[in-house]
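Asker: What follows is upload23.cif, made up of mmCIF, C-alpha atoms:
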```cif
data_start
#
loop_
_atom_site.label_atom_id
_atom_site.label_comp_id
_atom_site.auth_asym_id
_atom_site.auth_seq_id
_atom_site.Cartn_x
_atom_site.Cartn_y
_atom_site.Cartn_z
CA MET K 570 -42.48 -12.77 -10.43
CA GLN K 571 -43.96 -12.61 -6.96
CA GLN K 572 -41.68 -15.43 -5.93
CA ILE K 573 -38.59 -13.64 -7.19
CA PHE K 574 -39.52 -10.55 -5.20
CA ASN K 575 -40.12 -12.64 -2.14
CA PHE K 576 -36.77 -14.35 -2.58
CA VAL K 577 -34.97 -11.04 -2.89
CA ILE K 578 -36.69 -9.58 0.16
CA ARG K 579 -36.12 -12.67 2.26
CA ASN K 580 -32.42 -12.86 1.39
CA LYS K 581 -31.72 -9.15 1.09
CA THR K 582 -28.90 -9.17 3.62
CA PHE K 583 -27.14 -12.06 1.98
CA LEU K 584 -27.59 -10.59 -1.50
CA LEU K 585 -26.27 -7.21 -0.42
CA PHE K 586 -23.31 -8.97 1.17
CA LEU K 587 -22.64 -10.88 -2.05
CA LEU K 588 -22.83 -7.66 -4.06
CA LEU K 589 -20.48 -5.72 -1.80
CA PHE K 590 -18.05 -8.60 -1.46
CA GLY K 591 -18.11 -9.01 -5.23
CA ILE K 592 -17.22 -5.36 -5.71
CA ALA K 593 -14.37 -5.65 -3.20
CA LEU K 594 -13.12 -8.81 -4.87
CA SER K 595 -13.13 -7.26 -8.33
CA LEU K 596 -11.25 -4.22 -7.01
CA THR K 597 -8.71 -6.56 -5.46
CA ILE K 598 -8.23 -8.61 -8.60
CA GLN K 599 -7.94 -5.44 -10.63
CA SER K 600 -5.21 -4.16 -8.36
CA HIS K 601 -3.25 -7.37 -8.91
CA SER K 602 -3.17 -7.01 -12.69
CA TYR K 603 -0.89 -4.54 -14.37
CA HIS K 604 -1.93 -1.06 -15.39
CA ARG K 605 -5.65 -0.97 -15.37
CA SER K 606 -7.34 2.22 -14.39
CA LYS K 607 -8.13 2.15 -10.71
CA PHE K 608 -11.00 3.98 -9.07
CA ILE K 609 -9.80 3.52 -5.52
CA ASN K 610 -6.39 5.09 -5.08
CA SER K 611 -4.81 7.66 -2.84
CA ALA K 612 -4.21 10.29 -5.54
CA ASN K 613 -7.09 12.54 -4.51
CA ASN K 614 -7.76 15.58 -2.37
CA LEU K 615 -9.17 13.73 0.64
CA THR K 616 -6.27 11.36 1.16
CA GLY K 617 -3.75 13.93 -0.02
CA GLY K 618 -5.04 16.47 2.49
CA VAL K 619 -4.89 14.04 5.41
CA TYR K 620 -1.46 12.75 4.48
CA GLY K 621 -0.23 16.30 3.93
CA ALA K 622 -1.22 17.30 7.47
CA VAL K 623 0.53 14.26 8.96
CA ASN K 624 3.54 14.75 6.74
CA SER K 625 4.19 18.26 8.03
CA ILE K 626 4.62 16.81 11.53
CA ASP K 627 6.62 13.85 10.27
CA GLN K 628 8.96 16.05 8.33
CA TYR K 629 9.73 18.07 11.40
CA LEU K 630 10.67 14.99 13.38
CA ASP K 631 12.81 13.72 10.53
CA LEU K 632 14.80 16.93 9.94
CA LYS K 633 18.11 15.68 11.29
CA GLU K 634 18.23 12.55 9.16
CA GLN K 635 17.13 14.39 6.02
CA ASN K 636 19.82 17.00 6.62
CA THR K 637 22.52 14.33 6.67
CA ILE K 638 21.18 12.94 3.41
CA LEU K 639 21.23 16.41 1.82
CA VAL K 640 24.77 17.10 2.98
CA GLU K 641 25.92 13.77 1.55
CA GLU K 642 24.18 14.57 -1.73
CA ASN K 643 25.82 18.00 -1.84
CA ARG K 644 29.21 16.44 -1.20
CA ILE K 645 28.82 14.12 -4.18
CA LEU K 646 27.61 16.94 -6.43
CA ILE K 647 30.46 19.26 -5.46
CA GLU K 648 32.93 16.42 -5.98
CA GLN K 649 31.54 15.88 -9.47
CA LEU K 650 31.76 19.58 -10.19
CA PHE K 651 35.43 19.74 -9.19
CA ASN K 652 36.32 16.70 -11.26
CA LYS K 653 34.46 17.79 -14.36
CA PRO K 654 36.82 18.36 -17.30
CA VAL K 655 34.69 20.91 -19.18
CA LEU K 656 32.39 23.29 -17.34
CA TYR K 657 29.01 24.26 -18.74
CA ASN K 658 28.65 27.57 -20.49
CA GLU K 659 28.22 29.86 -17.50
CA ASP K 660 26.05 32.41 -19.29
CA SER K 661 23.13 30.09 -19.86
CA PRO K 662 23.38 26.81 -18.03
CA GLU K 663 19.81 25.93 -19.05
CA SER K 664 20.30 26.52 -22.72
CA PHE K 665 21.31 23.03 -23.78
CA ASP K 666 18.64 20.73 -25.06
CA LYS K 667 17.43 18.60 -22.18
CA ASN K 668 15.99 15.17 -22.77
CA PHE K 669 15.08 14.56 -19.18
CA GLU K 670 13.74 17.03 -16.65
CA LEU K 671 13.46 16.46 -12.93
CA ILE K 672 10.45 17.51 -10.88
CA SER K 673 10.93 17.41 -7.11
CA ALA K 674 8.19 16.01 -4.87
CA GLU K 675 7.68 14.90 -1.31
CA VAL K 676 6.60 11.46 -0.21
CA TYR K 677 3.27 11.79 1.64
CA LYS K 678 2.70 8.11 2.20
CA ASN K 679 5.26 5.36 2.05
CA SER K 680 4.55 1.66 2.31
CA TYR K 681 6.91 -1.28 2.08
CA ASN K 682 5.39 -4.15 4.02
CA THR K 683 2.56 -5.41 1.79
CA PRO K 684 3.00 -7.52 -1.37
CA ASN K 685 1.92 -4.56 -3.52
CA ASN K 686 3.32 -1.29 -2.31
CA TYR K 687 2.40 2.17 -3.50
CA LEU K 688 3.68 5.58 -2.50
CA THR K 689 1.72 8.81 -2.54
CA ILE K 690 3.62 11.97 -3.52
CA ASN K 691 2.51 15.59 -3.44
CA GLY K 692 2.83 16.38 -7.12
CA GLY K 693 0.29 15.83 -9.85
CA ASN K 694 -0.91 17.01 -13.22
CA ARG K 695 -0.45 20.67 -12.37
CA ASP K 696 3.26 19.98 -11.77
CA SER K 697 3.26 18.26 -15.17
CA ILE K 698 3.60 14.81 -13.60
CA GLN K 699 1.89 12.14 -15.66
CA GLU K 700 1.37 8.42 -15.63
CA ASP K 701 4.46 6.31 -16.43
CA PHE K 702 7.03 8.87 -15.33
CA GLY K 703 9.98 7.45 -13.41
CA VAL K 704 10.58 8.31 -9.76
CA ILE K 705 14.08 8.36 -8.22
CA THR K 706 16.03 9.75 -5.31
CA SER K 707 19.60 10.98 -5.41
CA LYS K 708 20.67 7.40 -4.60
CA GLY K 709 18.60 5.32 -6.97
CA ILE K 710 15.24 4.38 -8.38
CA VAL K 711 11.99 4.32 -6.41
CA GLY K 712 9.25 3.39 -8.87
CA ILE K 713 6.93 4.52 -11.64
CA VAL K 714 3.99 6.95 -11.45
CA ASP K 715 0.76 4.95 -11.53
CA ASN K 716 -2.19 7.32 -11.05
CA THR K 717 -2.29 11.09 -10.98
CA SER K 718 -4.77 13.71 -9.84
CA ASN K 719 -4.38 17.44 -10.04
CA LYS K 720 -2.19 17.74 -6.95
CA PHE K 721 -1.16 14.20 -6.03
CA SER K 722 0.15 11.01 -7.60
CA THR K 723 0.51 7.41 -6.58
CA VAL K 724 3.77 5.65 -7.40
CA LEU K 725 4.08 1.94 -8.12
CA SER K 726 7.05 1.14 -5.91
CA ILE K 727 9.80 -1.22 -7.06
CA LEU K 728 8.67 -3.12 -3.95
CA ASN K 729 5.56 -4.28 -5.80
CA LYS K 730 4.92 -7.62 -7.38
CA ARG K 731 3.50 -5.89 -10.45
CA SER K 732 6.67 -3.89 -10.97
CA ARG K 733 8.99 -4.90 -13.85
CA ILE K 734 11.77 -2.53 -14.73
CA ASN K 735 14.52 -2.98 -17.29
CA ALA K 736 17.93 -3.06 -15.60
CA LYS K 737 21.46 -4.19 -16.42
CA LEU K 738 24.82 -5.02 -14.94
CA LYS K 739 26.91 -1.88 -15.09
CA THR K 740 30.14 -3.59 -16.09
CA SER K 741 28.98 -6.17 -18.64
CA ASN K 742 25.82 -4.47 -19.95
CA GLN K 743 23.80 -7.70 -19.58
CA ASN K 744 20.10 -6.89 -19.39
CA GLY K 745 17.43 -8.30 -17.12
CA SER K 746 14.18 -7.29 -15.52
CA LEU K 747 13.87 -6.07 -11.98
CA THR K 748 11.15 -7.73 -9.90
CA TRP K 749 10.37 -8.19 -6.23
CA ASP K 750 9.62 -11.40 -4.37
CA GLY K 751 7.91 -9.56 -1.51
CA LYS K 752 10.29 -10.69 1.20
CA SER K 753 12.60 -7.87 2.23
CA PRO K 754 12.21 -4.14 1.54
CA TYR K 755 15.99 -3.91 1.10
CA VAL K 756 16.41 -6.60 -1.54
CA VAL K 757 14.91 -6.88 -5.05
CA GLN K 758 15.52 -9.48 -7.75
CA LEU K 759 17.03 -9.14 -11.20
CA GLU K 760 15.70 -11.92 -13.40
CA ASP K 761 16.35 -13.21 -16.90
CA VAL K 762 20.04 -12.36 -16.94
CA SER K 763 21.83 -14.41 -19.58
CA GLN K 764 23.86 -17.41 -18.39
CA PHE K 765 26.84 -15.96 -20.27
CA ALA K 766 27.04 -12.91 -18.07
CA ILE K 767 30.00 -12.57 -15.75
CA ILE K 768 28.67 -11.69 -12.32
CA ASN K 769 30.53 -10.93 -9.13
CA VAL K 770 29.08 -10.23 -5.72
CA GLY K 771 29.20 -6.46 -5.22
CA ASP K 772 28.71 -5.56 -8.90
CA THR K 773 26.57 -2.49 -9.50
CA ILE K 774 23.12 -2.79 -11.12
CA VAL K 775 21.81 0.25 -12.99
CA THR K 776 18.75 1.03 -15.12
CA GLY K 777 19.01 -0.28 -18.66
CA GLY K 778 17.56 2.59 -20.65
CA GLN K 779 15.54 0.31 -22.93
CA SER K 780 12.32 2.06 -21.98
CA ALA K 781 11.50 5.74 -22.12
CA ILE K 782 10.76 5.85 -18.39
CA PHE K 783 14.25 5.93 -16.91
CA PRO K 784 17.40 7.30 -18.48
CA LYS K 785 20.27 4.85 -18.79
CA GLY K 786 22.56 4.31 -15.82
CA ILE K 787 20.54 5.32 -12.77
CA GLY K 788 21.75 3.38 -9.75
CA ILE K 789 19.65 0.56 -8.33
CA GLY K 790 21.85 -1.51 -6.05
CA THR K 791 24.62 -4.07 -5.78
CA VAL K 792 24.69 -7.83 -6.33
CA GLN K 793 24.19 -9.59 -3.02
CA GLU K 794 23.80 -13.15 -4.21
CA PHE K 795 23.12 -14.92 -7.49
CA THR K 796 21.67 -18.29 -8.36
CA THR K 797 20.92 -20.15 -11.57
CA ASP K 798 17.26 -20.14 -12.47
CA VAL K 799 15.31 -23.46 -12.36
CA THR K 800 15.45 -23.66 -16.14
CA GLY K 801 19.24 -23.30 -16.02
CA ASP K 802 19.36 -20.73 -18.81
CA THR K 803 19.34 -17.57 -16.77
CA TYR K 804 20.66 -16.11 -13.56
CA LYS K 805 18.49 -14.74 -10.79
CA ILE K 806 20.29 -12.05 -8.85
CA ASP K 807 19.42 -10.68 -5.42
CA VAL K 808 20.07 -6.96 -5.54
CA ARG K 809 20.67 -4.95 -2.37
CA LEU K 810 19.13 -1.54 -3.00
CA PHE K 811 21.10 1.70 -2.68
CA ASN K 812 17.90 3.38 -1.50
CA ASP K 813 16.53 2.72 1.94
CA MET K 814 12.93 2.36 0.79
CA THR K 815 11.71 2.63 4.38
CA THR K 816 12.82 6.23 4.93
CA LEU K 817 11.98 8.00 1.69
CA GLN K 818 11.18 11.69 2.02
CA HIS K 819 12.30 13.74 -1.00
CA VAL K 820 12.05 12.23 -4.47
CA PHE K 821 12.45 13.37 -8.06
CA VAL K 822 10.06 12.59 -10.88
CA ILE K 823 11.71 12.18 -14.28
CA LYS K 824 9.96 13.78 -17.19
CA ASN K 825 11.13 12.53 -20.56
CA ASN K 826 10.68 15.33 -23.08
CA ASP K 827 10.91 12.89 -25.97
CA ILE K 828 8.19 10.59 -24.66
CA LYS K 829 5.52 11.84 -27.07
CA GLU K 830 7.75 11.35 -30.05
CA LEU K 831 8.84 7.91 -28.84
CA LYS K 832 5.27 6.79 -28.21
CA ALA K 833 4.11 8.04 -31.60
CA LEU K 834 6.95 6.16 -33.23
CA GLU K 835 6.16 2.97 -31.33
CA LYS K 836 2.53 3.22 -32.33
CA LEU K 837 3.58 3.65 -35.94
CA SER K 838 5.72 0.53 -35.92
CA ASP K 839 3.07 -1.47 -34.01
CA GLY K 840 0.35 -0.59 -36.50
CA MET W 478 -31.16 7.40 19.03
CA ASP W 479 -29.70 10.66 17.74
CA ASN W 480 -27.00 10.45 20.32
CA SER W 481 -26.02 6.96 19.21
CA LEU W 482 -26.01 8.00 15.54
CA ALA W 483 -23.72 10.94 16.26
CA SER W 484 -21.39 8.82 18.35
CA ASN W 485 -21.21 6.18 15.61
CA ILE W 486 -20.34 8.74 12.95
CA PHE W 487 -17.72 10.14 15.30
CA LYS W 488 -16.26 6.67 15.90
CA PHE W 489 -16.23 5.95 12.16
CA ILE W 490 -14.21 9.07 11.34
CA VAL W 491 -11.84 8.91 14.31
CA LEU W 492 -11.05 5.22 13.84
CA LEU W 493 -10.44 5.73 10.12
CA LEU W 494 -8.08 8.66 10.73
CA VAL W 495 -6.21 6.95 13.55
CA GLN W 496 -5.84 3.85 11.37
CA VAL W 497 -4.38 5.56 8.32
CA THR W 498 -2.31 8.24 10.02
CA ILE W 499 -0.90 6.28 12.95
CA CYS W 500 -1.60 2.56 13.00
CA SER W 501 -0.64 1.86 9.39
CA ARG W 502 2.71 3.52 9.91
CA ILE W 503 3.87 1.66 12.99
CA ASN W 504 5.61 -1.12 11.00
CA LEU W 505 6.74 -3.01 14.08
CA LEU W 506 9.73 -5.22 13.13
CA GLY W 507 9.33 -3.85 9.63
CA TYR W 508 5.96 -5.33 8.74
CA ILE W 509 3.50 -5.66 11.63
CA ASN W 510 0.63 -3.18 11.69
CA PRO W 511 -2.53 -3.31 13.79
CA PHE W 512 -5.88 -2.73 12.10
CA ILE W 513 -7.88 -1.07 14.84
CA TYR W 514 -10.57 0.31 12.52
CA ILE W 515 -12.43 -2.99 12.95
CA ILE W 516 -13.41 -1.81 16.45
CA PHE W 517 -16.19 0.03 14.63
CA ILE W 518 -17.53 -3.28 13.32
CA LEU W 519 -16.90 -5.11 16.61
CA MET W 520 -18.69 -2.59 18.79
CA TYR W 521 -21.51 -1.54 16.46
CA PRO W 522 -24.82 -1.63 18.37
CA ILE W 523 -26.44 -5.07 18.49
CA LYS W 524 -29.90 -3.85 17.53
CA ASN W 525 -29.20 -2.58 14.07
CA ASN W 526 -30.38 -2.35 10.52
CA ARG W 527 -28.28 -5.10 8.98
CA LEU W 528 -28.27 -3.61 5.50
CA LEU W 529 -27.02 -0.27 6.79
CA PHE W 530 -24.42 -2.06 8.90
CA LEU W 531 -23.09 -3.95 5.86
CA LEU W 532 -22.93 -0.75 3.82
CA LEU W 533 -21.14 1.10 6.62
CA ALA W 534 -18.58 -1.69 7.03
CA PHE W 535 -18.00 -1.78 3.29
CA ASN W 536 -17.48 1.97 3.11
CA LEU W 537 -15.12 1.99 6.07
CA GLY W 538 -13.03 -0.71 4.41
CA LEU W 539 -13.13 1.05 1.06
CA LEU W 540 -11.90 4.30 2.62
CA VAL W 541 -9.03 2.45 4.30
CA ASP W 542 -8.25 0.88 0.92
CA MET W 543 -8.22 4.28 -0.69
CA PHE W 544 -5.72 5.58 1.83
CA LEU W 545 -3.50 2.53 1.67
CA ASP W 546 -3.79 1.86 -2.10
CA SER W 547 -4.66 -1.75 -1.43
CA GLY W 548 -7.32 -2.35 -4.07
CA GLY W 549 -10.37 -3.73 -2.25
CA VAL W 550 -8.89 -6.00 0.39
CA HIS W 551 -10.05 -4.04 3.44
CA ALA W 552 -13.50 -3.49 1.97
CA GLY W 553 -13.86 -7.23 1.34
CA ALA W 554 -12.59 -8.29 4.75
CA SER W 555 -14.73 -5.70 6.57
CA VAL W 556 -17.97 -6.54 4.82
CA PHE W 557 -17.34 -10.24 5.38
CA LEU W 558 -16.70 -9.59 9.07
CA ALA W 559 -19.88 -7.54 9.36
CA PHE W 560 -21.85 -10.31 7.68
CA VAL W 561 -20.63 -13.10 9.96
CA ARG W 562 -20.70 -11.05 13.16
CA PRO W 563 -23.99 -12.59 14.46
CA ILE W 564 -22.39 -16.04 14.39
CA PHE W 565 -19.47 -14.89 16.51
CA LEU W 566 -21.80 -13.00 18.86
CA LYS W 567 -23.84 -16.14 19.40
CA TYR W 568 -20.72 -18.21 19.97
CA ALA W 569 -19.11 -15.78 22.39
CA PHE W 570 -22.12 -14.65 24.40
CA GLY W 571 -24.69 -17.39 23.86
CA ALA W 572 -27.96 -16.81 25.70
CA LEU W 573 -27.14 -13.19 26.42
CA TYR W 574 -27.16 -12.45 22.70
CA GLU W 575 -30.14 -14.61 21.86
CA ASN W 576 -32.29 -12.93 24.51
CA GLN W 577 -31.37 -9.57 23.01
CA THR W 578 -30.12 -8.36 26.38
CA LEU W 579 -26.48 -7.99 25.40
CA LYS W 580 -24.93 -4.59 26.01
CA PHE W 581 -21.27 -3.99 25.15
CA GLY W 582 -20.95 -1.56 28.04
CA LYS W 583 -21.54 -4.25 30.68
CA LEU W 584 -19.38 -7.10 29.43
CA GLN W 585 -16.98 -9.24 31.37
CA THR W 586 -13.43 -8.67 30.16
CA ASN W 587 -12.77 -12.35 29.45
CA GLU W 588 -15.87 -12.65 27.24
CA LEU W 589 -14.84 -9.52 25.44
CA VAL W 590 -11.32 -10.87 24.83
CA ILE W 591 -12.70 -14.08 23.31
CA TYR W 592 -15.11 -12.18 21.09
CA VAL W 593 -12.50 -9.64 19.91
CA SER W 594 -9.86 -12.33 19.32
CA PHE W 595 -12.03 -14.54 17.13
CA MET W 596 -13.42 -11.61 15.16
CA THR W 597 -9.92 -10.20 14.63
CA LEU W 598 -8.47 -13.55 13.54
CA PHE W 599 -11.30 -14.00 11.06
CA HIS W 600 -10.91 -10.49 9.68
CA HIS W 601 -7.13 -10.69 9.36
CA LEU W 602 -7.24 -14.11 7.72
CA THR W 603 -9.65 -12.78 5.08
CA LEU W 604 -7.60 -9.63 4.73
CA PHE W 605 -4.23 -11.31 4.17
CA SER W 606 -5.72 -14.01 1.94
CA LEU W 607 -7.11 -11.29 -0.32
CA GLU W 608 -3.90 -9.31 -0.12
CA PHE W 609 -1.57 -12.15 -1.10
CA PHE W 610 -4.21 -13.80 -3.28
CA ASN W 611 -2.04 -16.85 -3.76
CA ILE W 612 -2.65 -20.20 -2.09
CA THR W 613 1.02 -21.19 -2.34
CA GLN W 614 1.83 -18.45 0.17
CA ILE W 615 -0.50 -19.88 2.80
CA LEU W 616 2.28 -20.02 5.40
CA LEU W 617 3.09 -16.36 4.96
CA ILE W 618 -0.63 -15.54 5.15
CA LEU W 619 -1.01 -17.48 8.40
CA LYS W 620 2.11 -15.95 9.91
CA ASN W 621 0.97 -12.43 9.07
CA THR W 622 -2.53 -13.18 10.36
CA LEU W 623 -1.26 -14.43 13.70
CA VAL W 624 1.27 -11.71 14.34
CA SER W 625 -0.94 -8.83 13.26
CA SER W 626 -3.92 -10.26 15.14
CA LEU W 627 -1.92 -10.34 18.34
CA PHE W 628 -1.13 -6.66 17.89
CA THR W 629 -4.67 -5.71 16.87
CA VAL W 630 -6.34 -7.65 19.69
CA SER W 631 -4.19 -6.19 22.44
CA LEU W 632 -4.56 -2.65 21.11
CA SER W 633 -8.30 -3.03 20.48
CA ILE W 634 -9.04 -4.39 23.96
CA LEU W 635 -7.07 -1.54 25.44
CA ILE W 636 -8.98 1.04 23.41
CA ILE W 637 -12.36 -0.57 24.11
CA LEU W 638 -11.72 -0.71 27.87
CA LEU W 639 -10.40 2.85 27.94
CA PHE W 640 -13.40 4.31 26.16
CA LYS W 641 -16.01 2.01 27.70
CA SER W 642 -19.14 3.93 28.54
CA ARG W 643 -19.59 3.86 32.30
CA LYS W 644 -23.23 3.24 33.02
#
```
Take the structure in this file and express it as structure tokens.
Answerer:
Amino acid sequence: MQQIFNFVIRNKTFLLFLLLFGIALSLTIQSHSYHRSKFINSANNLTGGVYGAVNSIDQYLDLKEQNTILVEENRILIEQLFNKPVLYNEDSPESFDKNFELISAEVYKNSYNTPNNYLTINGGNRDSIQEDFGVITSKGIVGIVDNTSNKFSTVLSILNKRSRINAKLKTSNQNGSLTWDGKSPYVVQLEDVSQFAIINVGDTIVTGGQSAIFPKGIGIGTVQEFTTDVTGDTYKIDVRLFNDMTTLQHVFVIKNNDIKELKALEKLSDG
Amino acid sequence: MDNSLASNIFKFIVLLLVQVTICSRINLLGYINPFIYIIFILMYPIKNNRLLFLLLAFNLGLLVDMFLDSGGVHAGASVFLAFVRPIFLKYAFGALYENQTLKFGKLQTNELVIYVSFMTLFHHLTLFSLEFFNITQILLILKNTLVSSLFTVSLSILIILLFKSRK
């Protein structure tokens, strides 16, 4: 016993180092595996407060660019309105049963240059944002909500090696999963697309709607290049994103009102 | 002693805030960021309580991780750097360190550059290895280490020389 104590006291620095490094290593490994609860994330009041203060300055400097984006968005919306065959009932535009609701949020922290990127947005549980909600901009998808606190959430960006999102070719409806190889923040990969699919450079890729997270048909990007996978059975497509992931400012969180029902049903069929 | 404690706490907070609000958003050429928070570990007083030093380095890294959502990579790299610091001190300053007469305030610039460069390279190599966590991407790890180190070293030296205590 005495010897054990002596050993611990003699090597206390090294042992403490091993302990701390072990903790750091386990946190790292945990962050590389999909969807485990994380203790260390930026959805909390400390980080949110700091990022919020910086963001208010940032926003001011970015006004001009954001204005152009808003004008462009308005143009598209007005165009859609003019070309719509049947207008909504003007008395109560909110009365129809909505499957998906949008919650607007601001990006407090954006990152796109590490292998595993996360965003921090200023909306949390009190804005009814929850884990596994989809995040988009007016142009296309951004990611999926990963952790939430009362006021803030972290978003697993599509620029993350853990990210896998169901997507399809708009024209031929061939499904695949969207991943990222970590190289360019402008290009993601669509994998596991059937060899029978007809693909042309420039084809549009949209969300597939096979999960409850994103509605069907939200824009992702266009085909930049496609190659046959090493196995020869599937295509691997490089997708140029519609979104410029490096300049995100305003995003929308998608709340699926049917998610409870869907999850309950899935549980039922799993059990 | 009190004065040094206060100044260390001040350094800790300022370096952390500057790191997460400014330095991690530079994104030079799209991906290069300096990690100047390691100045805290580089310039921590020589005569120290090693256990406290390790804990401080770990916490600094963990806070950076929290801000950047990077799991535990900064915590791991920082605590490793703090642990091996005596080896680098001995290598860079030799007798000066062994005789316990080393003071960061009175260093020659060339010695300082060597010390900061080796410490930074070591830290960044650990950092990017943990971040990529994949031996097949060793080239990418080395490239990132070199480029970011260059940025960190030049910025760190500049900051250290600017805020050097004149005694």
Asker: Under the rule that all atoms listed in the file are counted, which of W:Asn536, W:Asn525, W:Thr586, W:Gln496 is the nearest residue to Ser555 in chain W?
Answerer: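 Ranking W:Asn536, W:Asn525, W:Thr586, W:Gln496 by distance to Ser555 in chain W, first place goes to W:Asn536.
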Asker: Could you spell out the hits of the PyMOL selection byres ((chain W and resi 488-491) around 12) on the shown file, as a ChimeraX atom specification?
Answerer: /W:481-487,492-499,513-521,530,533-538,540-541,636-637,640
Asker: With distances taken over all atoms listed in the file, which of K:Ser741, K:Asn812, K:Thr773, K:Ser753 is nearest to chain W?
Answerer: K:Ser753
Asker: Between CA of Pro784 in chain K and CA of Lys737 in chain K, what is the distance in Å, rounded to a tenth?
Answerer: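 A separation of 12.4 Å between them.
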Asker: Could you write out as a list in words the residues that the PyMOL selection byres ((chain K) within 7 of (chain W)) matches in the shown file?
Answerer: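 Selected by the PyMOL selection byres ((chain K) within 7 of (chain W)) here: Thr582, Phe586, Leu589, Phe590, Ala593, Leu594, Leu596, Thr597, Ser600, Ile609, Asn610, Ser611, Thr616, Val623, Asn682, Pro684 and Tyr687 of chain K.
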Asker: Evaluated on this file, the PyMOL selection byres ((chain K and resi 724) around 6) picks out some residues - which ones are they, written as a PyMOL selection string?
Answerer: chain K and resi 687-688+713-715+723+725-726
Asker: Hey, which of K:Met814, K:Val577, K:Glu760, K:Lys832 ends up closest to Gly712 in chain K? Count all atoms listed in the file.
Answerer: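 That would be K:Met814, the residue with the smallest distance to Gly712 in chain K.
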Asker: As an exercise, work out the distance from CA of Leu615 in chain K to CA of Asn621 in chain W in Å and give it to one decimal place.
Answerer: 29.3 Å
Asker: Once 4 Å is added on each side, what are the centre and the three edge lengths, in Å to one decimal, of the axis-aligned box enclosing the listed atoms of range 731-747 of chain K? Present them as AutoDock Vina command-line options.
Answerer:
```
--center_x 16.8 --center_y -5.1 --center_z -15.2 --size_x 34.6 --size_y 14.4 --size_z 17.5
```
Asker: Kindly give the distance, in Å, that separates CA of Ser780 in chain K and CA of Leu831 in chain K, rounded to a single decimal.
Answerer: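 Here the two named atoms are 9.7 Å from each other.
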Asker: Taking 6 positions as the minimum chain separation for residues in the same chain, which residues sit within 12 Å of Asn576 in chain W when counting only C-alpha atoms? Answer as JSON, numbers by chain.
Answerer: {"W": [523, 524, 566, 567, 570]}
Asker: I want to know what sits within 7 Å of range 629-635 of chain W, based on only C-alpha atoms, with residues of the same chain fewer than 6 positions away left out; could you give that as an mmCIF file with C-alpha atoms, in the coordinates of the input?
Answerer:
```
data_model
loop_
_atom_site.group_PDB
_atom_site.id
_atom_site.type_symbol
_atom_site.label_atom_id
_atom_site.label_comp_id
_atom_site.auth_asym_id
_atom_site.auth_seq_id
_atom_site.Cartn_x
_atom_site.Cartn_y
_atom_site.Cartn_z
ATOM 1 C CA PRO W 511 -2.530 -3.310 13.790
ATOM 2 C CA PHE W 512 -5.880 -2.730 12.100
ATOM 3 C CA ILE W 513 -7.880 -1.070 14.840
ATOM 4 C CA ILE W 516 -13.410 -1.810 16.450
ATOM 5 C CA VAL W 590 -11.320 -10.870 24.830
ATOM 6 C CA VAL W 593 -12.500 -9.640 19.910
ATOM 7 C CA SER W 594 -9.860 -12.330 19.320
ATOM 8 C CA THR W 597 -9.920 -10.200 14.630
#
```
Asker: Contacts of range 795-805 of chain K at 6 Å or less, counting all atoms listed in the file, minus same-chain residues fewer than 5 places along, as a list of chain:residue names?
Answerer: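 Near range 795-805 of chain K, the qualifying residues are K:Leu759, K:Glu760, K:Asp761, K:Val762, K:Ser763, K:Gln764.
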Asker: From the list K:Ala766, K:Leu747, K:Ile828, K:Val756, which residue is nearest Ala781 in chain K when using all atoms listed in the file?
Answerer: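 Distance minimum relative to Ala781 in chain K lands on K:Ile828.
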Asker: Using all atoms listed in the file, collect all residues at a distance of at most 9 Å from (12.4, 7.1, -9.7) as written in the file, then present them as a list in words.
Answerer: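 Neighbouring residues, ordered by chain and number, come to Phe702, Gly703, Val704, Ile705, Thr706, Gly709, Ile710, Val711, Gly712, Ile713, Val714, Ser726, Ile782, Phe783, Ile787, Val820, Phe821, Val822 and Ile823 of chain K.
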Asker: Convert the current residue selection to file output with C-alpha atoms, as a JSON list (two decimals), keeping the file's coordinate frame.
Answerer:
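As a result, part.json now contains:
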```
[["chain", "number", "residue", "atom", "x", "y", "z"],
["K", 702, "PHE", "CA", 7.03, 8.87, -15.33],
["K", 703, "GLY", "CA", 9.98, 7.45, -13.41],
["K", 704, "VAL", "CA", 10.58, 8.31, -9.76],
["K", 705, "ILE", "CA", 14.08, 8.36, -8.22],
["K", 706, "THR", "CA", 16.03, 9.75, -5.31],
["K", 709, "GLY", "CA", 18.60, 5.32, -6.97],
["K", 710, "ILE", "CA", 15.24, 4.38, -8.38],
["K", 711, "VAL", "CA", 11.99, 4.32, -6.41],
["K", 712, "GLY", "CA", 9.25, 3.39, -8.87],
["K", 713, "ILE", "CA", 6.93, 4.52, -11.64],
["K", 714, "VAL", "CA", 3.99, 6.95, -11.45],
["K", 726, "SER", "CA", 7.05, 1.14, -5.91],
["K", 782, "ILE", "CA", 10.76, 5.85, -18.39],
["K", 783, "PHE", "CA", 14.25, 5.93, -16.91],
["K", 787, "ILE", "CA", 20.54, 5.32, -12.77],
["K", 820, "VAL", "CA", 12.05, 12.23, -4.47],
["K", 821, "PHE", "CA", 12.45, 13.37, -8.06],
["K", 822, "VAL", "CA", 10.06, 12.59, -10.88],
["K", 823, "ILE", "CA", 11.71, 12.18, -14.28]]
```
